[in-house]
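Below: the structure, in structure tokens.
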Amino acid sequence: MDASAAADGDSKGTVVDTPQPTIKPVEAKERIGSIDVLRGCALLGILAVNISFFAYPDAVMMDPTVIGGFSGANLWVWKIIQVVFYQKTMTLFSMLFGAGLILFAARVTAKGGDARKVYYRRILWLLVIGLCHAYLLWNGDILVYYAICGLLLYLFRKLSPVKLLIIGFILMGVGSVVQMGIGAGIGYVRERAIAAQEAVDAGETPADDDRQWMTMWSQMKVGFEPSEEFIDGEVEAFQGGYGDVWLHRLPYLIQMQIFGFIFMIGWKVGGLMLWGMALMKLAVFSAERSFRFYWLCLVIGYGVGIPLSAYAAGDMIAHDFDIARSFLFDWQIDNVAALFVSFGHIGAVMLICKRGFFGWMTNRLAAVGRMALTNYLMTTVICTTIFYGYGFGLFGEIERIGLAGFVAAIWIVQLAYSPVWLKHFRFGPAEWLWRALTYGRRPAMRIVEHAKEVSPAA
């Protein structure tokens, strides 16, 4: 999700005489290491959140008490993920996507290429990859949303950082207002339905309007307050074969990609991408700001964000994850907390990069970040194989503490194999495919092939 550079040459490494620059993938030496490290951290954190949506019914997003255990160690796992990772790593990853847009435009333009043409081709292919990922494998795909926002936000790339921050703040604010409106609507429907039901229980004959409110609420609360039978049905469906799983998740996927994007996800992702564009222009992600700046990010980000997020988590528990209150109040607090905690993460990572601490780990995280698309898609393949019925069929069977073990194991695998892969290959497999589709030719994959390509003897 970073930029690509421009240079002359064909896919076999033969230098050709052409008056126009040939756009090709960015070289390793041109990458900004701190961004790769930060992206690697964000990607690993996203798995800590997504594992629940791989392993449990979608209702767990609204009420985590419905499955997976919610006491003792299971409760602590939920609290840690909620405060440290939930919304925070997605916030960070979205900003980094916006930063990649600025990097791409700057690098391709500097080489004399047509940044707009290649960028839109790149994003459209990302959209195709995201649609394949979503419809063939998993509902929780984020690539489609990134691609759609990316198609629109390229037009803003030349704005000043201040304007990007303001517009991004407005978009995120609109998203929060829409969420609050949804929460108010849910609360109103529920109140009318409860009042009508109380009248029926008292022996009164409900009016037609009251019957409508009761019907509306009974339909709405299936997802918000699912019965045990509903949860069992979800578990049974996802423990079935590939066709059963696909047919079961298709309606929810379509609903999320249309209504979820319009009313919730699109505003937030778009706003965060604009903030990422601004932060890239302000040299925040490239570790070029002062130590004092990053210390302030860390102290203020964690000092404000973690208590806010912890408060929101506690309030949800205290009110039994009341859906209307979550939309109206708790999720809005956590949206603000996510911004602060994300800046805390940025500050911590940039300080480590500037000091050169933990080089053995930052090198591995950078490798994970360089292979972000491959690792993201690989996570889906691994987790659907573990939990869905056409794999090991563990959907709904593992408590949260067990899911934490799966997360740790996948982290270890990705941290171990990513640097080894990049010792021999220039890109991850998915990155190579994305670049080949974007540029219309196959870039050299093996590092030895690249060495031959630039060798004077060639």
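Residue numbers start at 1 in each chain; chains themselves are named A, B, ... in the order of the structure tokens; ligands are numbered from 1 in the order shown.
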
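Once Ile323 in chain A and its same-chain neighbours fewer than 4 positions away are set aside, Met62, Gly183, Ile186, Phe224 and Phe327 of chain A remain within 8 Å of it when counting only C-alpha atoms.
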
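When the distance limit is 8 Å and only C-alpha atoms are what count, the residues near range 255-271 of chain A, minus those fewer than 6 positions from it on the same chain, are Thr91, Ser94, Tyr145, Tyr146, Cys149, Gly150, Leu153, Ile167, Gly168, Phe169, Ile170, Leu171, Met172, Val174, Gly175, Ser176, Val178 and Gln179 of chain A.
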
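Straight-line separation from CA of Glu399 in chain A to CA of Gln239 in chain A: 16.2 Å.
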
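Using only C-alpha atoms, the contacts of Ile410 in chain A at a cut-off of 9 Å, with sequence neighbours closer than 5 positions omitted, comprise Leu44, Leu47, Thr379, Ile382, Gly405 and Leu415 of chain A.
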
Output N, CA and C atoms for every residue in the selection just made, as a compact mmCIF listing (two decimals), in the first residue's frame.
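Generated file (result36.txt):
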# COMPACT_ATOMS: atom_id res chain seq x y z
N LEU A 44 -0.50 -6.62 12.46
CA LEU A 44 -0.58 -7.63 13.52
C LEU A 44 -1.69 -7.29 14.50
N LEU A 47 -5.21 -8.32 13.35
CA LEU A 47 -5.55 -9.73 13.56
C LEU A 47 -6.11 -9.96 14.95
N THR A 379 -3.75 -14.30 6.41
CA THR A 379 -4.48 -14.43 7.67
C THR A 379 -5.89 -14.96 7.44
N ILE A 382 -5.71 -18.69 6.57
CA ILE A 382 -5.40 -19.48 7.77
C ILE A 382 -6.62 -19.58 8.69
N GLY A 405 -4.26 -17.39 21.81
CA GLY A 405 -3.19 -18.31 21.46
C GLY A 405 -3.01 -18.43 19.96
N LEU A 415 6.06 -13.05 11.54
CA LEU A 415 7.32 -12.41 11.88
C LEU A 415 8.52 -13.27 11.49

Mind checking which residues fall within 8 Å of range 118-121 of chain A, counting only C-alpha atoms, ignoring those fewer than 4 positions away in the same chain, and posting them as a PyMOL selection string?
chain A and resi 104-105+114+125+151+438-439

Residue with smallest distance to Ile46 in chain A - pool A:Ala207, A:Ala312, A:Val407, A:Met350, counting only C-alpha atoms:
A:Val407

For Gly98 in chain A, the nearest of the candidates A:Gly276, A:Gly40, A:Tyr135, A:Lys163, counting only C-alpha atoms:
A:Gly276

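When only C-alpha atoms are used to measure the gap to Gln82 in chain A, the shortest distance among A:Phe406, A:Phe230, A:Tyr311, A:Tyr56 belongs to A:Tyr311.
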
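Checking A:Ile231, A:Ala436, A:Phe329, A:Met214 one by one against Val200 in chain A, counting only C-alpha atoms, you find the shortest gap at A:Met214.
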
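Nearest-residue note for Asn363 in chain A: choosing from A:Met180, A:Leu38, A:Ile401, A:Ile102, the minimum distance belongs to A:Leu38, counting only C-alpha atoms.
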
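Residue nearest Ala408 in chain A, chosen from A:Ile129, A:Ile51, A:Leu433, A:Val60 and counting only C-alpha atoms: A:Ile51.
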
Calculate how many Å separate CA of Leu437 in chain A from CA of His424 in chain A, rounding to one decimal.
21.7 Å

List every residue of range 203-433 of chain A that DSSP, applied to the backbone of this structure, assigns to alpha helix (DSSP H), and report them as a count of residues only.
172

Shell of 12 Å around range 300-303 of chain A, only C-alpha atoms, local chain residues under 5 positions omitted, as a PyMOL selection string:
chain A and resi 83-84+88+292-295+308-310+336-348

Selection above as a file: N, CA and C atoms, as a short mmCIF file (atom, residue, chain, number, x, y, z; two decimals), in the first residue's frame:
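Done, and the output landed in part13.cif:
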data_model
loop_
_atom_site.label_atom_id
_atom_site.label_comp_id
_atom_site.auth_asym_id
_atom_site.auth_seq_id
_atom_site.Cartn_x
_atom_site.Cartn_y
_atom_site.Cartn_z
N VAL A 83 -9.27 -2.11 24.41
CA VAL A 83 -8.60 -0.86 24.78
C VAL A 83 -7.37 -0.59 23.91
N VAL A 84 -6.62 -1.61 23.59
CA VAL A 84 -5.34 -1.42 22.89
C VAL A 84 -5.46 -1.53 21.37
N LYS A 88 -8.25 0.95 17.02
CA LYS A 88 -6.98 1.69 17.05
C LYS A 88 -6.09 1.28 15.88
N ARG A 292 11.06 15.15 20.93
CA ARG A 292 10.04 15.77 21.79
C ARG A 292 8.64 15.59 21.19
N PHE A 293 8.54 15.76 19.89
CA PHE A 293 7.24 15.61 19.20
C PHE A 293 6.70 14.20 19.41
N TYR A 294 7.54 13.20 19.21
CA TYR A 294 7.06 11.82 19.34
C TYR A 294 6.79 11.43 20.79
N TRP A 295 7.58 12.00 21.71
CA TRP A 295 7.27 11.76 23.12
C TRP A 295 5.91 12.34 23.48
N LEU A 308 -9.87 6.81 28.15
CA LEU A 308 -11.15 6.99 27.46
C LEU A 308 -11.69 5.66 26.95
N SER A 309 -10.83 4.88 26.32
CA SER A 309 -11.27 3.59 25.78
C SER A 309 -11.67 2.64 26.90
N ALA A 310 -10.91 2.66 28.00
CA ALA A 310 -11.25 1.81 29.14
C ALA A 310 -12.60 2.21 29.73
N VAL A 336 -13.02 8.61 19.50
CA VAL A 336 -12.06 9.63 19.92
C VAL A 336 -10.83 8.97 20.53
N ALA A 337 -11.08 7.97 21.39
CA ALA A 337 -9.97 7.26 22.03
C ALA A 337 -9.06 6.61 20.99
N ALA A 338 -9.65 6.09 19.92
CA ALA A 338 -8.87 5.41 18.89
C ALA A 338 -7.86 6.36 18.24
N LEU A 339 -8.26 7.61 18.03
CA LEU A 339 -7.33 8.58 17.46
C LEU A 339 -6.16 8.83 18.40
N PHE A 340 -6.46 9.02 19.68
CA PHE A 340 -5.40 9.29 20.65
C PHE A 340 -4.46 8.08 20.79
N VAL A 341 -5.04 6.88 20.94
CA VAL A 341 -4.19 5.69 21.11
C VAL A 341 -3.36 5.46 19.87
N SER A 342 -3.91 5.72 18.69
CA SER A 342 -3.15 5.56 17.46
C SER A 342 -1.94 6.48 17.43
N PHE A 343 -2.13 7.71 17.90
CA PHE A 343 -0.98 8.62 17.97
C PHE A 343 0.01 8.15 19.02
N GLY A 344 -0.47 7.52 20.07
CA GLY A 344 0.44 6.91 21.03
C GLY A 344 1.28 5.82 20.39
N HIS A 345 0.61 4.98 19.58
CA HIS A 345 1.34 3.93 18.85
C HIS A 345 2.37 4.55 17.90
N ILE A 346 1.96 5.60 17.20
CA ILE A 346 2.88 6.27 16.27
C ILE A 346 4.11 6.79 17.02
N GLY A 347 3.86 7.46 18.13
CA GLY A 347 4.96 8.00 18.92
C GLY A 347 5.91 6.92 19.39
N ALA A 348 5.37 5.81 19.88
CA ALA A 348 6.21 4.73 20.39
C ALA A 348 7.06 4.12 19.28
#

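Going from CA of Glu236 in chain A to CA of Phe392 in chain A covers 13.4 Å.
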